[in-house]
Amino acid sequence: MSKVLIIGAGGVGSVVTHKCAQIPEVFSEICLASRTKSKCDAIASQLDREISTAKVDADNVPETIALLKDFQPDLVINVALPYQDLTIMDACLESSVNYLDTANYEPRDEAKFEYHWQWAYQERFKEAGLMALLGCGFDPGVTNIFTAHAKKHHFDRIDTLDIIDCNAGDHGKHFATNFNPEINIREVTANGRFYEKGEWKETEPLSVHRSFDFPEGIGPKDMYLMYHEEMESLAKHLPEIQRMRFWMTFSQQYLTHLRVLENIGMTRIDPIVYQGQEIVPLQFLKAVLPDPGSLGESTKGRTCIGCVLDGEKDGQRKHYYIYNICDHEQCFAEVNSQAVSYTTGVPAMIGAMMMLTDKWKDQGVFNVEQFDPDPFMNELNRHGLPWKEVILDGKPDVLND
Ligand code: NDP
């Protein structure tokens, strides 16, 4: 029996709320809070049990502390934006509440995806006897847990890891992003980066690409090398891995629109003055793009996110692929959201369940690969994200240089 406060009533927050509400034996009291309370109320009205809702500006630490002191949750699930990570962690420390999120902190004025700001809270959480679990979505999140599972059950030593994120869905719009457009476009337009033999190597944005033949009828898709935050924590916690890369599929239509938006300055994150008022072009663009939360109804097709690993087991080379396939329309039928929000929200709920049932319990700041993957992997199968693993005959093309 426990009380959970979910902050952020967007696409992911809606899925987390639906999924927590399905499990009253763990999440006995739920409060959903966001900047706009009417969004929380709209989500609450879709549920078949009572939850409370609240308005909070999580950039404001005293306001967040007041809500925490009033509701007194055991855990905060932060599914607002990465900009709020540190203020919510500060409020949790002040109010003695555990913390979980799905994306690492980013300063607003610089698209930098690094854990150091949050890892710096290690001693304070430890001293307070509290736990913070970072990056518990799908990627980061499940991809880290897939890697920990592979290490525990399939490899004596992992040499290479390729994380492969494919959205083979179609929302029927000319251009839209599947999660918060501002965060998504900052990520995609940043330089690519991969890890090799202890060093980070940079590439021009979207300049390296490969084709990968996705399983179960999804087929070959072009995917592009990008930086993604889970590589930083995996490099720290699984230092044996010699090379790590992250790949994401994009359609030519998406890339053409993005290139035009970039070329005309619409993806800039520095403020400009327009009619006497400062605006950030990317934030303005977000306001005119479709709300990712509204894409669920029209999105068809599937996502396929997983890890291809190469290494050694019992003196033999081993090539291994583990993945989840998630169907956009099935997600919408269950929780009114498309699969990108679903694949993020379900792991956040399971991470919260791990913490609240003491299956994952410690004091300090942690990434998900630091815990036993087995109970989490079991819950993925039970709560809508079943996974499959395949021992590959030979080295797949994606692993070749
Ligand atoms: P949305 O933009 O749909 O939702 C974000 C929500 O946060 C909005 O409801 C917004 O409220 C609320 N919010 C923003 N600022 C504040 C604030 N200062 N105080 C309180 N609430 C605030 O984003 P998504 O749901 O798509 O994404 C949520 C998070 O999930 C992001 O951090 C994203 O990076 C992460 N993510 C992680 C993935 C993973 O696999 N690990 C994959 C996809 C997303 P309002 O509408 O009222 O302004």
# chains A, B, ... in the order shown; residues from 1 in each chain; ligands from 1

$ select_by_dssp --residues "region 164-396 of chain A" --states "helix (DSSP H, G or I)" --output "MDAnalysis selection string"
chainID A and resid 181:189 230:237 252:263 281:288 292:294 328:335 339:356 368:370 373:382

$ residues_around --residues "Ser38 (chain A)" --least-positions-apart "3" --cutoff "9 Å" --atoms "only C-alpha atoms" --output "PDB file with C-alpha atoms, in the first residue's frame"
ATOM      1  CA  SER A  34       0.932  19.302 -13.606  1.00  0.00           C
ATOM      2  CA  ASP A  41      -8.601  16.180 -14.575  1.00  0.00           C
ATOM      3  CA  ALA A  42      -9.102  15.039 -18.194  1.00  0.00           C
ATOM      4  CA  ILE A  43      -6.828  12.024 -17.577  1.00  0.00           C
ATOM      5  CA  THR A  53      -5.250  15.966  -9.089  1.00  0.00           C
ATOM      6  CA  LYS A  55      -1.769  22.152 -10.027  1.00  0.00           C
TER       7      LYS A  55
END

$ closest_atom_pairs --of "region 216-320 of chain A" --to "region 142-156 of chain A" --cutoff "8 Å" --atoms "only C-alpha atoms" --output "Markdown table"
| residue | atom | partner | partner_atom | distance |
| --- | --- | --- | --- | --- |
| A:Glu230 | CA | A:Asn144 | CA | 6.7 |
| A:Leu234 | CA | A:Asn144 | CA | 7.0 |
| A:Ile305 | CA | A:Thr143 | CA | 7.9 |
| A:Gly306 | CA | A:Thr143 | CA | 6.3 |
| A:Cys307 | CA | A:Thr143 | CA | 6.6 |
| A:Gly311 | CA | A:Phe155 | CA | 6.5 |
| A:Glu312 | CA | A:Phe155 | CA | 5.7 |
| A:Lys313 | CA | A:Phe155 | CA | 4.8 |
| A:Asp314 | CA | A:Asp156 | CA | 7.0 |
| A:Lys318 | CA | A:Phe155 | CA | 7.7 |

$ write_last_selection --atoms "N, CA and C atoms" --output "CSV table (one decimal), in the first residue's frame"
chain,number,residue,atom,x,y,z
A,230,GLU,N,21.6,6.8,-22.2
A,230,GLU,CA,21.9,5.6,-21.5
A,230,GLU,C,23.3,5.1,-21.7
A,234,LEU,N,25.7,3.4,-18.8
A,234,LEU,CA,26.2,2.0,-19.1
A,234,LEU,C,27.7,2.0,-19.2
A,305,ILE,N,12.0,-1.7,-30.2
A,305,ILE,CA,13.2,-1.2,-29.6
A,305,ILE,C,14.0,-2.3,-28.9
A,306,GLY,N,15.3,-2.3,-29.1
A,306,GLY,CA,16.0,-3.4,-28.5
A,306,GLY,C,17.5,-3.2,-28.5
A,307,CYS,N,18.2,-4.2,-28.2
A,307,CYS,CA,19.7,-4.2,-28.1
A,307,CYS,C,20.3,-5.4,-28.8
A,311,GLY,N,29.7,-10.6,-27.8
A,311,GLY,CA,30.7,-10.8,-26.7
A,311,GLY,C,31.0,-12.3,-26.6
A,312,GLU,N,31.4,-12.7,-25.3
A,312,GLU,CA,31.8,-14.1,-25.2
A,312,GLU,C,31.1,-14.8,-24.1
A,313,LYS,N,30.8,-16.1,-24.3
A,313,LYS,CA,30.1,-16.9,-23.3
A,313,LYS,C,30.8,-18.3,-23.4
A,314,ASP,N,31.3,-18.7,-22.2
A,314,ASP,CA,32.0,-20.0,-22.2
A,314,ASP,C,33.1,-20.2,-23.3
A,318,LYS,N,29.5,-14.8,-29.0
A,318,LYS,CA,28.0,-14.9,-29.0
A,318,LYS,C,27.4,-13.6,-29.6

$ select_by_dssp --residues "region 177-236 of chain A" --states "strand (DSSP E or B)" --output "ChimeraX atom specification"
/A:192-196,199-203,209-214,219-226

$ residues_around --residues "Gly265 (chain A)" --least-positions-apart "6" --cutoff "12 Å" --atoms "only C-alpha atoms" --output "VMD selection string"
chain A and resid 189 258 to 259 271 to 272 280 to 282 284 to 285

$ residues_near_ligand --ligand "ligand 1" --cutoff "8 Å" --atoms "only C-alpha atoms and all ligand atoms" --output "tab-separated table (two decimals) with C-alpha atoms, in the first residue's frame"
chain	number	residue	atom	x	y	z
A	7	ILE	CA	4.17	15.06	-11.96
A	8	GLY	CA	3.48	15.86	-15.65
A	9	ALA	CA	0.14	15.31	-17.38
A	10	GLY	CA	1.49	14.84	-20.92
A	11	GLY	CA	1.59	11.76	-23.14
A	12	VAL	CA	3.83	9.77	-20.78
A	13	GLY	CA	2.12	11.03	-17.61
A	14	SER	CA	-1.21	9.82	-18.95
A	33	ALA	CA	-0.13	17.05	-10.75
A	34	SER	CA	0.93	19.30	-13.61
A	35	ARG	CA	1.19	22.94	-14.56
A	36	THR	CA	-2.30	22.77	-16.09
A	37	LYS	CA	-4.72	21.08	-13.70
A	39	LYS	CA	-5.07	18.19	-18.19
A	55	LYS	CA	-1.77	22.15	-10.03
A	56	VAL	CA	1.98	22.55	-9.55
A	57	ASP	CA	4.75	24.47	-11.25
A	58	ALA	CA	7.62	22.09	-10.66
A	59	ASP	CA	10.17	24.77	-11.62
A	60	ASN	CA	9.17	26.34	-8.33
A	78	ASN	CA	8.63	12.76	-12.53
A	79	VAL	CA	7.30	12.64	-16.09
A	80	ALA	CA	7.27	16.42	-16.62
A	81	LEU	CA	10.21	17.66	-18.71
A	82	PRO	CA	13.95	17.12	-18.14
A	83	TYR	CA	14.22	20.81	-17.11
A	84	GLN	CA	12.35	20.01	-13.88
A	101	ASP	CA	12.33	9.92	-13.65
A	102	THR	CA	12.65	8.88	-17.32
A	103	ALA	CA	15.03	11.46	-18.79
A	104	ASN	CA	18.18	13.12	-17.50
A	135	GLY	CA	16.13	7.12	-16.56
A	136	CYS	CA	13.40	4.52	-16.07
A	137	GLY	CA	11.56	4.79	-19.40
A	138	PHE	CA	12.28	2.58	-22.42
A	139	ASP	CA	15.44	4.22	-23.72
A	140	PRO	CA	16.91	5.06	-21.28
A	141	GLY	CA	15.39	2.44	-19.03
A	142	VAL	CA	14.45	-0.90	-20.54
A	178	ASN	CA	6.02	11.18	-30.91
A	179	PHE	CA	7.01	12.80	-27.66
A	180	ASN	CA	7.51	16.37	-26.54
A	181	PRO	CA	8.60	18.14	-29.78
A	183	ILE	CA	12.89	17.66	-26.29
A	184	ASN	CA	12.72	15.39	-29.35
A	291	ASP	CA	0.45	17.62	-29.55
A	292	PRO	CA	2.04	14.14	-29.27
A	293	GLY	CA	-0.74	13.21	-26.84
A	340	VAL	CA	5.95	5.90	-27.74
A	341	SER	CA	4.21	7.24	-24.65
A	343	THR	CA	6.73	2.24	-23.97
A	344	THR	CA	7.96	5.06	-21.69
A	345	GLY	CA	5.09	5.08	-19.19

$ residues_around --residues "region 63-76 of chain A" --least-positions-apart "3" --cutoff "6 Å" --atoms "only C-alpha atoms" --output "VMD selection string"
chain A and resid 3 to 6 58 60 91 97 to 99

$ closest_residue --among "A:Ile88, A:Val61, A:Leu32, A:Leu238" --to "Gln370 (chain A)" --atoms "only C-alpha atoms"
A:Leu238

$ residues_around --residues "Gln330 (chain A)" --least-positions-apart "2" --cutoff "10 Å" --atoms "only C-alpha atoms" --output "PDB file with C-alpha atoms, in the first residue's frame"
ATOM      1  CA  LYS A 300      -0.962   2.795 -36.787  1.00  0.00           C
ATOM      2  CA  GLY A 301       1.917   0.335 -36.903  1.00  0.00           C
ATOM      3  CA  ARG A 302       4.463  -0.827 -34.359  1.00  0.00           C
ATOM      4  CA  CYS A 326       4.632  -2.606 -29.314  1.00  0.00           C
ATOM      5  CA  ASP A 327       1.524  -1.908 -31.386  1.00  0.00           C
ATOM      6  CA  HIS A 328       0.263   1.712 -31.491  1.00  0.00           C
ATOM      7  CA  PHE A 332      -4.585   3.349 -27.765  1.00  0.00           C
ATOM      8  CA  ALA A 333      -7.295   0.770 -27.105  1.00  0.00           C
ATOM      9  CA  GLU A 334      -5.877   0.144 -23.616  1.00  0.00           C
ATOM     10  CA  VAL A 335      -4.851   3.611 -22.364  1.00  0.00           C
ATOM     11  CA  ASN A 336      -5.734   6.199 -25.067  1.00  0.00           C
ATOM     12  CA  SER A 337      -2.068   6.754 -26.020  1.00  0.00           C
ATOM     13  CA  GLN A 338       0.287   5.800 -28.826  1.00  0.00           C
ATOM     14  CA  ALA A 339       3.152   3.358 -28.337  1.00  0.00           C
ATOM     15  CA  GLY A 384       2.112  -4.949 -21.787  1.00  0.00           C
TER      16      GLY A 384
END

$ atom_distance --atom1 "CA of Lys359 (chain A)" --atom2 "CA of Arg124 (chain A)"
22.2 Å

$ residues_around --residues "region 190-204 of chain A" --least-positions-apart "5" --cutoff "9 Å" --atoms "only C-alpha atoms" --output "ChimeraX atom specification"
/A:111-112,185,224-228,231-232,235,239,241-246

$ write_last_selection --atoms "C-alpha atoms" --output "PDB file, in the first residue's frame"
ATOM      1  CA  ALA A 111      21.009  20.659 -25.439  1.00  0.00           C
ATOM      2  CA  LYS A 112      23.366  18.650 -23.212  1.00  0.00           C
ATOM      3  CA  ILE A 185      14.063  17.965 -31.824  1.00  0.00           C
ATOM      4  CA  TYR A 224      20.802   7.002 -37.857  1.00  0.00           C
ATOM      5  CA  LEU A 225      23.532   7.194 -35.239  1.00  0.00           C
ATOM      6  CA  MET A 226      22.627   9.549 -32.401  1.00  0.00           C
ATOM      7  CA  TYR A 227      23.812  10.269 -28.883  1.00  0.00           C
ATOM      8  CA  HIS A 228      21.536   8.879 -26.201  1.00  0.00           C
ATOM      9  CA  MET A 231      25.302   5.102 -22.997  1.00  0.00           C
ATOM     10  CA  GLU A 232      26.808   7.392 -20.342  1.00  0.00           C
ATOM     11  CA  ALA A 235      29.807   3.120 -19.800  1.00  0.00           C
ATOM     12  CA  PRO A 239      33.013  -0.601 -18.309  1.00  0.00           C
ATOM     13  CA  ILE A 241      31.841  -2.814 -23.104  1.00  0.00           C
ATOM     14  CA  GLN A 242      34.306  -1.656 -25.752  1.00  0.00           C
ATOM     15  CA  ARG A 243      31.891   0.035 -28.121  1.00  0.00           C
ATOM     16  CA  MET A 244      28.385   1.410 -27.653  1.00  0.00           C
ATOM     17  CA  ARG A 245      26.188   3.064 -30.228  1.00  0.00           C
ATOM     18  CA  PHE A 246      22.585   4.237 -30.383  1.00  0.00           C
TER      19      PHE A 246
END

$ closest_residue --among "A:His174, A:Lys19, A:His237, A:Arg382" --to "Ala348 (chain A)" --atoms "only C-alpha atoms"
A:Lys19

$ atom_distance --atom1 "CA of Ile164 (chain A)" --atom2 "CA of Asp109 (chain A)"
28.3 Å

$ closest_residue --among "A:Glu240, A:Glu114, A:Cys31, A:Ile51" --to "Leu161 (chain A)" --atoms "only C-alpha atoms"
A:Glu240

$ atom_distance --atom1 "CA of Glu216 (chain A)" --atom2 "CA of Cys331 (chain A)"
18.2 Å

$ closest_residue --among "A:Gly169, A:Pro24, A:Pro62, A:Pro386" --to "Ile218 (chain A)" --atoms "only C-alpha atoms"
A:Gly169
